[in-house]
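What follows is a set of notes on a single structure, which appears directly below.
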Amino acid sequence: MHEPATLPVMIIDDEAHLRITAGQTLELAGYEPRAFESAEAALAALTPDFPGVIVSDIRMPGMDGMALLREVRGRDPDLPVILITGHGDISTAVEAMREGAWDFLEKPFAGERLVEMVHRGIDKRRLSLENRELKAELEAQQSAPGPRLVGRAPAIHRLASMVQRISQVETDVLLFGETGAGKDLVARAIHERSRRGGHPFVAINCGAVPESIIESELFGHEKGAFTGAVERRIGKFEHAEGGTVFLDEIESMPLSLQVKLLRVLQERSIERLGANVPVPLNLRVIAATKVDLKAAAEAGRFREDLYYRLEVVTLPIPPLRERREDIPLLFQHFAVVAANRSGLEAPPLDAGGISALLAHDWPGNVRELRNLAERYVLLGATCDYRLDALLEGVDSDSGDLALPQQVELFEKSLIDQALARHRGRVSEACEQLGLPRKTLYDKLRKYGLKAEDYRQSEAP
């Protein structure tokens with residue numbers, strides 16, 4: 001997934017012949033050796049988020065390798081440091097590992113051993129930096145005015161634009177999307193971005209509340225309104241005063257209750273069960289459905305007048321299969337969230353993993369992808385982080401995409417990730433992908449990608 005030539009390796013040794021030999025070995029392997037004759041000189045050149053690894057002798061005049069290791073660990077505990085020890089100096093090697101060294105080389109060592117160790121260190125460093133970048137992105141997301149819609153596909157850009165526009169006007173909204181497509185996230189995004197964001201967001205799954213108590217749940221009741229009503233209860237609508245009520249799976253709401261909901265939408269007031277005095281409401285109602293409500297109304301399963309009252313502003317949520325280029329980014333996003341929560345780390349996806357993600361049809365949409373990312377973090381070590389094993393029992397062959405289409409999606413995803421990783425810097429993306437600049441620009445035109453879109457500080 002990366003070209004070694006873009007990755008530096010610091011070589012620190014007071015002996016010139018070792019610096020030259022190790023540097024030549026790494027250069028032949030495609031890395032960029034940077035030689036220093038002292039630890040002090042290397043530390044002066046060490047930049048934050050250094051993308052490579054450090055290889056240092058332990059025994060040097062001035063600051064020795066152990067002191068260097070402690071200083072580097074203090075600056076960046078995730079930066080791999082490989083220490084070179086003298087022949088038979090096992091106690092020093094053990095101490096170095098306890099101090100946090102990535103690994104150690106015992107003199108004399110073979111060039112192949114050095115290259116193999118650097119390669120593993122580079123992979124570890126890349127994972128650490130990617131996770132660090134995503135964690136920073138997640139922290140920025142928490143300070144944003146609402147939940148973030150992750151993705152770069154045109155469909156998600158249009159959705160984000162509509163969410164922003166709708167949040168600024170006072171209107172009820174109907175969300176339409178398949179199970180797991182993210183209707184609840186969109187509803188929260190609208191709420192948080194609106195002037196109601198500082199007030200309650202009350203979510204109600206109309207299909208999960210028993211029909212016998214749903215009216216009391218929504219509208220509340222007075223003491224003595226029915227057997228067991230020993231005191232007044234404030235309903236969900238009244239509790240959401242000033243904020244937003246989210247009615248998920250509204251197609252499951254009983255027909256008898258739909259009449260009362262229509263009155264709430266029209267009059268902006270409710271009456272508690274057992275009361276005759278209306279309670280005025282100041283709130284927004286967002287409803288969500290996974291079925292065609294117009295067809296349900298025509299079939300008599302949903303009130304037609306309520307449908308027309310709700311469909312003034314309808315916001316379709318695209319299924320995951322219609323924005324496949326976002327799948328690797330979303331997977332990485334969910335994996336970092338799971339890693340933060342669990343304290344575990346998982347390796348970034350390789351080409352085979354990305355191919356498996358793009359080939360799957362995702363009937364459960366974003367929810368299914370999030371669950372897979374969580375399994376990848378929590379259980380991936382048990383199957384060598386193979387996505388095909390984690391997807392076992394699920395048909396991962398897409399019935400809708402021919403092989404050439406899958407290949408194009410895979411290629412587009414790799415280019416998308418390279419541009420995102422290097423923030424739109426085309427020369428660096430070319431080096432990572434191993435493509436001439438003209439070829440990459442041709443592919444950017446083919447897939448409708450623009451390097452400047454990746455230079456923005458925040459995605460919508």
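Residue numbering restarts at 1 in every chain; chains get A, B, ... in the order shown in the structure tokens, and ligands count up from 1 in that same order.
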
Find the spatial neighbours of Ala181 of chain A, counting only C-alpha atoms, within a cut-off of 6 Å - ignore same-chain residues fewer than 3 positions away - and output them as a VMD selection string.
-> chain A and resid 178 319 365 to 366

Could you name the residues that touch Ala338 of chain A at 10 Å or less, counting only C-alpha atoms, but leaving out those on the same chain fewer than 2 positions away, as a PDB file with C-alpha atoms, in the first residue's frame?
ATOM      1  CA  GLN A 332     -11.665   3.002   9.209  1.00  0.00           C
ATOM      2  CA  HIS A 333     -13.761   5.590  11.061  1.00  0.00           C
ATOM      3  CA  PHE A 334     -15.745   2.921  12.931  1.00  0.00           C
ATOM      4  CA  ALA A 335     -12.592   0.903  13.642  1.00  0.00           C
ATOM      5  CA  VAL A 336     -10.951   3.899  15.316  1.00  0.00           C
ATOM      6  CA  ASN A 340     -10.718   4.148  21.337  1.00  0.00           C
ATOM      7  CA  ARG A 341     -13.508   2.513  23.300  1.00  0.00           C
ATOM      8  CA  SER A 342     -11.778  -0.842  23.806  1.00  0.00           C
ATOM      9  CA  GLY A 343      -8.151   0.274  24.125  1.00  0.00           C
ATOM     10  CA  LEU A 344      -7.167  -2.125  21.328  1.00  0.00           C
ATOM     11  CA  GLU A 345      -5.501  -1.424  17.974  1.00  0.00           C
ATOM     12  CA  ALA A 346      -6.026  -3.170  14.675  1.00  0.00           C
ATOM     13  CA  ARG A 370     -20.047  -0.583  11.867  1.00  0.00           C
ATOM     14  CA  ASN A 371     -20.658  -3.995  13.424  1.00  0.00           C
ATOM     15  CA  ALA A 373     -15.489  -2.830  12.095  1.00  0.00           C
ATOM     16  CA  GLU A 374     -16.118  -3.512  15.782  1.00  0.00           C
ATOM     17  CA  ARG A 375     -15.621  -7.276  15.243  1.00  0.00           C
ATOM     18  CA  TYR A 376     -12.427  -6.484  13.319  1.00  0.00           C
ATOM     19  CA  VAL A 377     -11.006  -4.605  16.311  1.00  0.00           C
ATOM     20  CA  LEU A 378     -12.270  -6.920  19.036  1.00  0.00           C
TER      21      LEU A 378
END

Please provide as a list in words all residues within 10 Å of segment 256-260 of chain A, with the sequence filter that same-chain residues fewer than 2 positions apart are discarded (counting only C-alpha atoms).
->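 In the requested form, the answer reads Glu211, Ile214, Glu215, Leu218, Phe219, Ile250, Glu251, Ser252, Met253, Pro254, Leu262, Arg263, Val264, Leu265, Gln266, Ile270, Glu271, Phe302, Arg303, Asp305, Leu306 and Tyr307 of chain A.
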
Save the residues we just selected, C-alpha atoms, as a PDB file, in the first residue's frame?
ATOM      1  CA  GLU A 211     -49.659  -0.478  21.128  1.00  0.00           C
ATOM      2  CA  ILE A 214     -47.792   4.066  23.076  1.00  0.00           C
ATOM      3  CA  GLU A 215     -50.420   6.803  23.474  1.00  0.00           C
ATOM      4  CA  LEU A 218     -46.211   9.969  23.580  1.00  0.00           C
ATOM      5  CA  PHE A 219     -48.782  12.221  25.203  1.00  0.00           C
ATOM      6  CA  ILE A 250     -43.477   5.665  11.816  1.00  0.00           C
ATOM      7  CA  GLU A 251     -45.070   3.172   9.441  1.00  0.00           C
ATOM      8  CA  SER A 252     -45.553   0.943  12.536  1.00  0.00           C
ATOM      9  CA  MET A 253     -47.681   3.527  14.369  1.00  0.00           C
ATOM     10  CA  PRO A 254     -51.275   2.279  14.938  1.00  0.00           C
ATOM     11  CA  LEU A 262     -51.897  14.553  12.696  1.00  0.00           C
ATOM     12  CA  ARG A 263     -53.654  16.855  15.170  1.00  0.00           C
ATOM     13  CA  VAL A 264     -50.365  17.421  17.037  1.00  0.00           C
ATOM     14  CA  LEU A 265     -48.626  18.380  13.796  1.00  0.00           C
ATOM     15  CA  GLN A 266     -51.408  20.747  12.790  1.00  0.00           C
ATOM     16  CA  ILE A 270     -51.347  17.687  22.958  1.00  0.00           C
ATOM     17  CA  GLU A 271     -53.804  16.530  25.572  1.00  0.00           C
ATOM     18  CA  PHE A 302     -51.151   4.394   6.637  1.00  0.00           C
ATOM     19  CA  ARG A 303     -53.362   7.479   6.838  1.00  0.00           C
ATOM     20  CA  ASP A 305     -53.774  12.807   5.304  1.00  0.00           C
ATOM     21  CA  LEU A 306     -50.860  12.142   7.695  1.00  0.00           C
ATOM     22  CA  TYR A 307     -48.653  11.122   4.772  1.00  0.00           C
TER      23      TYR A 307
END

Of the listed residues A:Glu192, A:Glu106, A:Glu267, A:Asp184, that which approaches Ser167 of chain A most closely, counting only C-alpha atoms =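 Closest to Ser167 of chain A, using only C-alpha atoms: A:Glu192.
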
Between atom CA of Ser355 of chain A and atom CA of Phe410 of chain A, distance in Å (one decimal) =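 So the answer is 6.2 Å.
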
Residues near Glu322 of chain A, cut-off 10 Å, only C-alpha atoms, skip fewer than 3 positions along chain, as a ChimeraX atom specification | /A:153-156,318-319,325-326,361

Restricting it to N, CA and C atoms, dump the selection as a JSON list (two decimals), in the first residue's frame.
[["chain", "number", "residue", "atom", "x", "y", "z"],
["A", 153, "ALA", "N", -18.52, 10.74, -1.11],
["A", 153, "ALA", "CA", -19.32, 10.44, -2.30],
["A", 153, "ALA", "C", -20.27, 11.60, -2.59],
["A", 154, "PRO", "N", -20.58, 11.84, -3.88],
["A", 154, "PRO", "CA", -21.53, 12.91, -4.21],
["A", 154, "PRO", "C", -22.85, 12.80, -3.46],
["A", 155, "ALA", "N", -23.33, 11.56, -3.25],
["A", 155, "ALA", "CA", -24.61, 11.38, -2.56],
["A", 155, "ALA", "C", -24.55, 11.90, -1.13],
["A", 156, "ILE", "N", -23.43, 11.67, -0.45],
["A", 156, "ILE", "CA", -23.32, 12.12, 0.94],
["A", 156, "ILE", "C", -23.07, 13.62, 1.01],
["A", 318, "PRO", "N", -29.19, 7.76, 1.25],
["A", 318, "PRO", "CA", -28.69, 6.76, 0.29],
["A", 318, "PRO", "C", -28.20, 5.49, 0.98],
["A", 319, "PRO", "N", -28.51, 4.33, 0.43],
["A", 319, "PRO", "CA", -27.96, 3.08, 0.98],
["A", 319, "PRO", "C", -26.46, 3.01, 0.71],
["A", 325, "GLU", "N", -17.60, 4.05, -2.67],
["A", 325, "GLU", "CA", -16.28, 4.64, -2.49],
["A", 325, "GLU", "C", -16.05, 5.12, -1.06],
["A", 326, "ASP", "N", -17.15, 5.28, -0.28],
["A", 326, "ASP", "CA", -17.02, 5.70, 1.11],
["A", 326, "ASP", "C", -16.79, 4.53, 2.07],
["A", 361, "ASP", "N", -22.44, -6.66, -0.53],
["A", 361, "ASP", "CA", -23.58, -5.85, -0.95],
["A", 361, "ASP", "C", -24.19, -5.03, 0.18]]

Using only C-alpha atoms, which residues sit within 10 Å of Asp292 of chain A once same-chain residues fewer than 3 positions away are excluded, as a VMD selection string?
-> chain A and resid 176 to 177 251 289 295 to 297

File dump, residues just selected, N, CA and C atoms, as a compact mmCIF listing (two decimals), in the first residue's frame:
# COMPACT_ATOMS: atom_id res chain seq x y z
N PHE A 176 -36.38 9.05 4.63
CA PHE A 176 -36.68 7.77 3.98
C PHE A 176 -35.38 7.05 3.68
N GLY A 177 -35.25 5.83 4.18
CA GLY A 177 -34.03 5.07 3.93
C GLY A 177 -34.16 3.65 4.43
N GLU A 251 -44.11 4.03 10.13
CA GLU A 251 -45.07 3.17 9.44
C GLU A 251 -45.69 2.14 10.38
N THR A 289 -38.93 6.45 7.99
CA THR A 289 -39.57 5.22 7.52
C THR A 289 -38.65 4.49 6.56
N ALA A 295 -47.39 4.38 -0.98
CA ALA A 295 -47.96 3.08 -1.33
C ALA A 295 -48.70 2.49 -0.13
N ALA A 296 -48.16 2.69 1.08
CA ALA A 296 -48.83 2.19 2.27
C ALA A 296 -50.16 2.90 2.48
N ALA A 297 -50.20 4.20 2.17
CA ALA A 297 -51.45 4.95 2.30
C ALA A 297 -52.48 4.46 1.29

Identify, with DSSP run on backbone atoms, the residues in segment 322-444 of chain A assigned to alpha helix (DSSP H), and express the list as number ranges by chain.
-> A: 327-342, 351-359, 365-379, 387-390, 403-421, 426-433, 437-444

May I ask for the distance between atom CA of Arg125 of chain A and atom CA of Pro33 of chain A, given in Å to one decimal place?
-> 16.2 Å

Have a look at atom CA of Met10 of chain A and atom CA of Ala22 of chain A and let me know their distance in Å, one decimal.
-> 10.2 Å

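Restricting the calculation to only C-alpha atoms, the smallest distance between Glu428 of chain A and any of A:Val169, A:Leu7, A:Glu116, A:Glu133 is found for A:Leu7.
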
Per-residue DSSP, segment 46-165 of chain A, filtered to strand (DSSP E or B), as a list in words = Val53, Ile54, Val55, Ser56, Asp57, Val81, Ile82, Leu83, Ile84, Thr85, Asp103, Phe104, Leu105 and Glu106 of chain A

Residues near His221 of chain A, anyone? I mean within 8 Å using only C-alpha atoms, not counting same-chain ones fewer than 6 positions away, as a PDB file with N, CA and C atoms, in the first residue's frame.
ATOM      1  N   ALA A 229     -52.504   4.250  36.809  1.00  0.00           N
ATOM      2  CA  ALA A 229     -51.989   5.620  36.662  1.00  0.00           C
ATOM      3  C   ALA A 229     -52.073   6.314  38.015  1.00  0.00           C
ATOM      4  N   ARG A 232     -49.425  11.773  37.808  1.00  0.00           N
ATOM      5  CA  ARG A 232     -49.305  12.391  36.486  1.00  0.00           C
ATOM      6  C   ARG A 232     -47.977  11.992  35.843  1.00  0.00           C
ATOM      7  N   ARG A 233     -48.002  11.755  34.524  1.00  0.00           N
ATOM      8  CA  ARG A 233     -46.782  11.413  33.786  1.00  0.00           C
ATOM      9  C   ARG A 233     -46.672  12.309  32.570  1.00  0.00           C
ATOM     10  N   ILE A 234     -45.487  12.923  32.409  1.00  0.00           N
ATOM     11  CA  ILE A 234     -45.225  13.756  31.238  1.00  0.00           C
ATOM     12  C   ILE A 234     -44.810  12.858  30.076  1.00  0.00           C
ATOM     13  N   GLY A 235     -45.444  13.022  28.915  1.00  0.00           N
ATOM     14  CA  GLY A 235     -45.135  12.196  27.754  1.00  0.00           C
ATOM     15  C   GLY A 235     -43.906  12.685  26.984  1.00  0.00           C
ATOM     16  N   ARG A 272     -53.000  15.316  27.510  1.00  0.00           N
ATOM     17  CA  ARG A 272     -52.650  14.107  28.245  1.00  0.00           C
ATOM     18  C   ARG A 272     -53.885  13.236  28.394  1.00  0.00           C
ATOM     19  N   LEU A 273     -53.664  11.912  28.477  1.00  0.00           N
ATOM     20  CA  LEU A 273     -54.786  11.012  28.718  1.00  0.00           C
ATOM     21  C   LEU A 273     -55.443  11.383  30.046  1.00  0.00           C
ATOM     22  N   GLY A 274     -56.781  11.502  30.029  1.00  0.00           N
ATOM     23  CA  GLY A 274     -57.510  11.854  31.241  1.00  0.00           C
ATOM     24  C   GLY A 274     -57.617  13.338  31.480  1.00  0.00           C
ATOM     25  N   ALA A 275     -57.140  14.164  30.516  1.00  0.00           N
ATOM     26  CA  ALA A 275     -57.211  15.617  30.677  1.00  0.00           C
ATOM     27  C   ALA A 275     -57.983  16.222  29.522  1.00  0.00           C
TER      28      ALA A 275
END
